[in-house]
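Please read the structure below before turning to the comments.
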Amino acid sequence: MSFTIAQALSWAREQFSFHSVSDDGLYDSAAIDSKVLLATCLHCEVIYLHTWPEKLLDKMQMKIFQEFVMQRSLGHPVAHIIGYRDFWSLRLKVSPATLIPRPETELLVEIALQLNLAEHSKVLDLGTGTGAIALALATENPQWMVTGLDKNTEAVALAQDNASMHKLERVKFIQSDWFSAVTQQQFDLIVTNPPYIENNNRYLNQGDVRFEPSSALISGMDGLDDIRLIISQSKYYLADNGWLVIEHGYQQSEQVSDVLKAHGFNKIRSETDLNGLPRVTLGSN
């Protein structure tokens with residue numbers, strides 16, 4: 001039996017019984033997932049699906065789509081199935097070795113860009129993963145000297161691949177457990193989206209995070225172990241009046257601010273995301 005685009009999308013939505021609406025109720029997740037997966041199978045943009053709903057899929061297209069839908073119905077993240085995630089102005093390759101870049105993290109990029117740093121500033125991205133933050137900053141500031149660190153060798157290789165794909169080879173990616181491989185350099189800006197989820201958080205058994213590395217998610221009983229370490233060590237690697245910008249959980253801003261104060265940072269403030277939740281905290285040395 002041949003399926004039209006409209007019929008294929010309708011069939012797919014029926015398979016996604018595990019969720020249909022996002023946590024905030026703003027969109028039909030099953031419908032969006034179906035369209036993204038089918039557009040990938042057809043090598044087209046999503047708008048094409050709306051323009052040609054009566055177009056028939058050939059057997060191979062339908063076979064691949066069915067395989068994609070089966071993976072998604074088992075809970076596998078869409079980004080892992082199609083192999084990429086869009087972040088900022090970039091399309092980035094992803095893998096199970098790293099976190100999938102989230103839209104919320106674009107706030108960290110926006111804040112960093114608003115700091116009015118010098119044209120030739122040195123920037124360090126801790127726990128770079130896919131390289132999303134480092135590459136987004138390098139795209140907006142061609143003269144910045146950007147370095148991304150990750151302790152996972154697969155993540156470093158993936159970030160380098162993403163840099164090459166976008167002709168941003170000037171961004172350096174190094175294997176390092178936080179600052180362990182950093183020589184005595186001074187950076188004007190240190191940014192990080194570190195692990196910040198509590199060990200026993202029920203969120204770890206839900207949704208896409210089940211398929212992402214726990215080492216990039218979990219950080220002690222209160223989720224702040226890595227943030228404390230980063231703050232305590234950043235002072236040794238920040239230039240005068242340099243900035244440390246940290247993404248964290250929406251309930252952690254007060255604690256992160258307290259740790260920054262305890263280590264002598266000033267100009268401390270937290271910024272809210274599109275949902276009005278405090279998501280990023282920053283301070284200057």
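How things are named: the first chain in the structure tokens is A, the next is B, and so on; residues count from 1 in each chain; ligands count from 1 in the order shown.
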Residues within 10 Å of Asp226 in chain A, only C-alpha atoms, excluding chain neighbours under 5 positions, as an mmCIF file with all heavy atoms, in the first residue's frame:
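File produced: part-v1.cif:
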```cif
data_model
loop_
_atom_site.group_PDB
_atom_site.id
_atom_site.type_symbol
_atom_site.label_atom_id
_atom_site.label_comp_id
_atom_site.auth_asym_id
_atom_site.auth_seq_id
_atom_site.Cartn_x
_atom_site.Cartn_y
_atom_site.Cartn_z
ATOM 1 N N TRP A 178 37.770 19.009 33.008
ATOM 2 C CA TRP A 178 37.714 20.419 33.369
ATOM 3 C C TRP A 178 39.049 21.089 33.049
ATOM 4 O O TRP A 178 39.484 21.063 31.926
ATOM 5 C CB TRP A 178 37.275 20.600 34.830
ATOM 6 C CG TRP A 178 35.904 20.039 35.109
ATOM 7 C CD1 TRP A 178 35.541 19.213 36.117
ATOM 8 C CD2 TRP A 178 34.688 20.261 34.357
ATOM 9 N NE1 TRP A 178 34.198 18.891 36.049
ATOM 10 C CE2 TRP A 178 33.657 19.527 34.977
ATOM 11 C CE3 TRP A 178 34.372 20.994 33.213
ATOM 12 C CZ2 TRP A 178 32.344 19.508 34.506
ATOM 13 C CZ3 TRP A 178 33.053 20.972 32.737
ATOM 14 C CH2 TRP A 178 32.075 20.239 33.391
ATOM 15 N N PRO A 194 27.566 22.705 32.503
ATOM 16 C CA PRO A 194 28.068 21.497 33.156
ATOM 17 C C PRO A 194 26.943 20.576 33.611
ATOM 18 O O PRO A 194 25.760 20.936 33.533
ATOM 19 C CB PRO A 194 28.803 22.071 34.370
ATOM 20 C CG PRO A 194 27.941 23.239 34.755
ATOM 21 C CD PRO A 194 27.432 23.817 33.446
ATOM 22 N N PRO A 195 27.271 19.386 34.104
ATOM 23 C CA PRO A 195 26.245 18.549 34.742
ATOM 24 C C PRO A 195 25.690 19.292 35.957
ATOM 25 O O PRO A 195 26.444 19.889 36.725
ATOM 26 C CB PRO A 195 27.023 17.305 35.178
ATOM 27 C CG PRO A 195 28.276 17.312 34.355
ATOM 28 C CD PRO A 195 28.592 18.742 34.111
ATOM 29 N N TYR A 196 24.357 19.273 36.123
ATOM 30 C CA TYR A 196 23.796 19.957 37.295
ATOM 31 C C TYR A 196 22.532 19.278 37.830
ATOM 32 O O TYR A 196 21.744 19.890 38.545
ATOM 33 C CB TYR A 196 23.516 21.438 36.983
ATOM 34 C CG TYR A 196 22.642 21.722 35.783
ATOM 35 C CD1 TYR A 196 21.262 21.501 35.807
ATOM 36 C CD2 TYR A 196 23.195 22.250 34.614
ATOM 37 C CE1 TYR A 196 20.461 21.794 34.717
ATOM 38 C CE2 TYR A 196 22.408 22.543 33.517
ATOM 39 C CZ TYR A 196 21.043 22.315 33.566
ATOM 40 O OH TYR A 196 20.248 22.607 32.473
ATOM 41 N N ILE A 218 24.665 14.263 35.690
ATOM 42 C CA ILE A 218 24.604 14.107 37.143
ATOM 43 C C ILE A 218 25.828 14.735 37.816
ATOM 44 O O ILE A 218 26.953 14.591 37.348
ATOM 45 C CB ILE A 218 24.518 12.619 37.515
ATOM 46 C CG1 ILE A 218 23.264 11.993 36.897
ATOM 47 C CG2 ILE A 218 24.517 12.438 39.022
ATOM 48 C CD1 ILE A 218 23.217 10.482 37.028
ATOM 49 N N SER A 219 25.574 15.420 38.946
ATOM 50 C CA SER A 219 26.681 16.056 39.670
ATOM 51 C C SER A 219 26.405 16.112 41.171
ATOM 52 O O SER A 219 26.195 17.170 41.750
ATOM 53 C CB SER A 219 26.929 17.462 39.125
ATOM 54 O OG SER A 219 28.095 18.011 39.692
ATOM 55 N N GLY A 220 26.410 14.940 41.797
ATOM 56 C CA GLY A 220 26.295 14.884 43.249
ATOM 57 C C GLY A 220 24.876 14.962 43.769
ATOM 58 O O GLY A 220 23.907 15.034 43.024
ATOM 59 N N ILE A 231 33.824 26.872 39.647
ATOM 60 C CA ILE A 231 33.928 28.214 40.215
ATOM 61 C C ILE A 231 35.222 28.369 41.000
ATOM 62 O O ILE A 231 35.930 29.374 40.876
ATOM 63 C CB ILE A 231 32.709 28.524 41.097
ATOM 64 C CG1 ILE A 231 31.441 28.642 40.223
ATOM 65 C CG2 ILE A 231 32.924 29.810 41.894
ATOM 66 C CD1 ILE A 231 30.154 28.804 41.017
ATOM 67 N N SER A 232 35.552 27.365 41.797
ATOM 68 C CA SER A 232 36.751 27.460 42.636
ATOM 69 C C SER A 232 38.030 27.517 41.810
ATOM 70 O O SER A 232 39.000 28.181 42.199
ATOM 71 C CB SER A 232 36.811 26.282 43.614
ATOM 72 O OG SER A 232 37.005 25.058 42.919
#
```
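Non-sequential neighbours of range 165-174 of chain A (distance at most 8 Å, separation of 3 or more positions within a chain, only C-alpha atoms) are A:Leu90, A:Ala134, A:Leu135, A:Ala138, A:Thr139, A:Met145, A:Val146, A:Thr147, A:Gly148, A:Leu149, A:Asp150, A:Val156, A:Ala159, A:Gln160, A:Asp161, A:Asn162, A:Ala181.
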**OP:** Could you give me the residues within range 89-277 of chain A that DSSP places in strand (DSSP E), as a ChimeraX atom specification?
**Re:** /A:90-93,122-126,145-150,172-175,187-192,238-247,266-272
Original post:
Quick one: residues within 9 Å of Gly207 in chain A, only C-alpha atoms counted, chain neighbours fewer than 6 positions away excluded, as an MDAnalysis selection string?
Top reply: chainID A and resid 75:77
Serialized selection, N, CA and C atoms, as a PDB file, in the first residue's frame:
```pdb
ATOM      1  N   GLY A  75      11.453   5.612  22.309  1.00  0.00           N
ATOM      2  CA  GLY A  75      11.965   6.700  23.137  1.00  0.00           C
ATOM      3  C   GLY A  75      13.266   7.313  22.682  1.00  0.00           C
ATOM      4  N   HIS A  76      13.884   6.768  21.642  1.00  0.00           N
ATOM      5  CA  HIS A  76      15.157   7.314  21.184  1.00  0.00           C
ATOM      6  C   HIS A  76      14.980   8.768  20.746  1.00  0.00           C
ATOM      7  N   PRO A  77      15.901   9.648  21.117  1.00  0.00           N
ATOM      8  CA  PRO A  77      15.775  11.066  20.745  1.00  0.00           C
ATOM      9  C   PRO A  77      15.765  11.248  19.227  1.00  0.00           C
TER      10      PRO A  77
END
```
Subject >> CA of Thr128 in chain A to CA of Ala262 in chain A, distance in Å rounded to a single decimal >> reply: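 Computed distance, CA of Thr128 in chain A to CA of Ala262 in chain A, equals 25.9 Å.
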Original post:
Which one of A:Ala216, A:Ile133, A:Trp243, A:Thr153 sits closest to Gln186 in chain A if you count only C-alpha atoms?
Top reply: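 Smallest separation from Gln186 in chain A among the options: A:Trp243.
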Please provide as a JSON list (two decimals) with all heavy atoms, in the first residue's frame all residues within 9 Å of range 46-61 of chain A, with the sequence filter that same-chain residues fewer than 6 positions apart are discarded (counting only C-alpha atoms).
```
[["chain", "number", "residue", "atom", "x", "y", "z"],
["A", 1, "MET", "N", 0.84, -1.20, 0.00],
["A", 1, "MET", "CA", 0.00, 0.00, 0.00],
["A", 1, "MET", "C", 0.87, 1.25, 0.00],
["A", 1, "MET", "O", 1.83, 1.34, 0.75],
["A", 1, "MET", "CB", -0.91, 0.01, 1.24],
["A", 1, "MET", "CG", -1.75, 1.26, 1.36],
["A", 1, "MET", "SD", -2.77, 1.22, 2.86],
["A", 1, "MET", "CE", -3.48, 2.87, 2.81],
["A", 2, "SER", "N", 0.54, 2.21, -0.85],
["A", 2, "SER", "CA", 1.28, 3.47, -0.91],
["A", 2, "SER", "C", 0.67, 4.48, 0.04],
["A", 2, "SER", "O", -0.55, 4.56, 0.18],
["A", 2, "SER", "CB", 1.27, 4.02, -2.33],
["A", 2, "SER", "OG", 1.93, 3.14, -3.22],
["A", 3, "PHE", "N", 1.53, 5.25, 0.68],
["A", 3, "PHE", "CA", 1.09, 6.28, 1.60],
["A", 3, "PHE", "C", 1.40, 7.65, 1.00],
["A", 3, "PHE", "O", 2.47, 7.86, 0.43],
["A", 3, "PHE", "CB", 1.83, 6.17, 2.94],
["A", 3, "PHE", "CG", 1.24, 5.15, 3.88],
["A", 3, "PHE", "CD1", 1.40, 3.79, 3.64],
["A", 3, "PHE", "CD2", 0.55, 5.56, 5.01],
["A", 3, "PHE", "CE1", 0.87, 2.86, 4.52],
["A", 3, "PHE", "CE2", 0.02, 4.62, 5.89],
["A", 3, "PHE", "CZ", 0.18, 3.27, 5.64],
["A", 4, "THR", "N", 0.47, 8.58, 1.18],
["A", 4, "THR", "CA", 0.78, 9.97, 0.87],
["A", 4, "THR", "C", 1.52, 10.56, 2.07],
["A", 4, "THR", "O", 1.57, 9.95, 3.16],
["A", 4, "THR", "CB", -0.49, 10.79, 0.62],
["A", 4, "THR", "OG1", -1.25, 10.85, 1.85],
["A", 4, "THR", "CG2", -1.32, 10.18, -0.49],
["A", 5, "ILE", "N", 2.08, 11.73, 1.90],
["A", 5, "ILE", "CA", 2.75, 12.42, 3.01],
["A", 5, "ILE", "C", 1.78, 12.60, 4.17],
["A", 5, "ILE", "O", 2.11, 12.31, 5.33],
["A", 5, "ILE", "CB", 3.32, 13.76, 2.54],
["A", 5, "ILE", "CG1", 4.58, 13.53, 1.69],
["A", 5, "ILE", "CG2", 3.62, 14.68, 3.71],
["A", 5, "ILE", "CD1", 5.16, 14.78, 1.07],
["A", 6, "ALA", "N", 0.56, 13.05, 3.88],
["A", 6, "ALA", "CA", -0.43, 13.27, 4.94],
["A", 6, "ALA", "C", -0.77, 11.98, 5.66],
["A", 6, "ALA", "O", -0.88, 11.95, 6.90],
["A", 6, "ALA", "CB", -1.69, 13.89, 4.34],
["A", 7, "GLN", "N", -0.92, 10.88, 4.91],
["A", 7, "GLN", "CA", -1.25, 9.60, 5.53],
["A", 7, "GLN", "C", -0.08, 9.07, 6.37],
["A", 7, "GLN", "O", -0.30, 8.52, 7.46],
["A", 7, "GLN", "CB", -1.61, 8.58, 4.44],
["A", 7, "GLN", "CG", -2.95, 8.87, 3.77],
["A", 7, "GLN", "CD", -3.17, 8.01, 2.54],
["A", 7, "GLN", "OE1", -2.22, 7.55, 1.89],
["A", 7, "GLN", "NE2", -4.45, 7.81, 2.19],
["A", 8, "ALA", "N", 1.13, 9.25, 5.88],
["A", 8, "ALA", "CA", 2.30, 8.79, 6.62],
["A", 8, "ALA", "C", 2.44, 9.54, 7.94],
["A", 8, "ALA", "O", 2.73, 8.94, 8.98],
["A", 8, "ALA", "CB", 3.56, 8.99, 5.77],
["A", 35, "LYS", "N", 6.98, 15.07, 11.57],
["A", 35, "LYS", "CA", 7.37, 15.91, 10.43],
["A", 35, "LYS", "C", 8.88, 15.96, 10.26],
["A", 35, "LYS", "O", 9.40, 15.89, 9.13],
["A", 35, "LYS", "CB", 6.80, 17.32, 10.60],
["A", 35, "LYS", "CG", 5.29, 17.38, 10.48],
["A", 35, "LYS", "CD", 4.75, 18.76, 10.84],
["A", 35, "LYS", "CE", 3.24, 18.78, 10.83],
["A", 35, "LYS", "NZ", 2.69, 20.10, 11.26],
["A", 36, "VAL", "N", 9.60, 16.09, 11.35],
["A", 36, "VAL", "CA", 11.07, 16.15, 11.27],
["A", 36, "VAL", "C", 11.62, 14.84, 10.72],
["A", 36, "VAL", "O", 12.51, 14.84, 9.85],
["A", 36, "VAL", "CB", 11.68, 16.46, 12.65],
["A", 36, "VAL", "CG1", 13.19, 16.30, 12.62],
["A", 36, "VAL", "CG2", 11.31, 17.87, 13.09],
["A", 38, "LEU", "N", 10.05, 12.56, 8.83],
["A", 38, "LEU", "CA", 9.67, 12.36, 7.44],
["A", 38, "LEU", "C", 10.45, 13.29, 6.52],
["A", 38, "LEU", "O", 10.87, 12.88, 5.43],
["A", 38, "LEU", "CB", 8.16, 12.57, 7.25],
["A", 38, "LEU", "CG", 7.63, 12.27, 5.84],
["A", 38, "LEU", "CD1", 8.01, 10.86, 5.39],
["A", 38, "LEU", "CD2", 6.12, 12.45, 5.78],
["A", 39, "ALA", "N", 10.65, 14.53, 6.94],
["A", 39, "ALA", "CA", 11.44, 15.47, 6.13],
["A", 39, "ALA", "C", 12.85, 14.94, 5.93],
["A", 39, "ALA", "O", 13.43, 15.08, 4.84],
["A", 39, "ALA", "CB", 11.46, 16.84, 6.79],
["A", 40, "THR", "N", 13.41, 14.31, 6.94],
["A", 40, "THR", "CA", 14.75, 13.72, 6.82],
["A", 40, "THR", "C", 14.74, 12.58, 5.80],
["A", 40, "THR", "O", 15.65, 12.48, 4.97],
["A", 40, "THR", "CB", 15.24, 13.21, 8.18],
["A", 40, "THR", "OG1", 15.27, 14.30, 9.11],
["A", 40, "THR", "CG2", 16.63, 12.61, 8.07]]
```
Subject >> Within 10 Å of Leu274 in chain A using only C-alpha atoms, minus same-chain residues under 3 positions, as an MDAnalysis selection string >> reply: chainID A and resid 103:104 107 277:279
Original post:
CA of Val245 in chain A and CA of Ile230 in chain A, how far apart in Å?
Top reply: 10.6 Å
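Taking CA of Ser164 in chain A as the reference point, CA of Ile190 in chain A is found at 22.6 Å.
Distances to Asp177 in chain A were evaluated for A:Trp144, A:Ser215, A:Asn205, A:Lys93 using only C-alpha atoms, and the minimum falls at A:Ser215.
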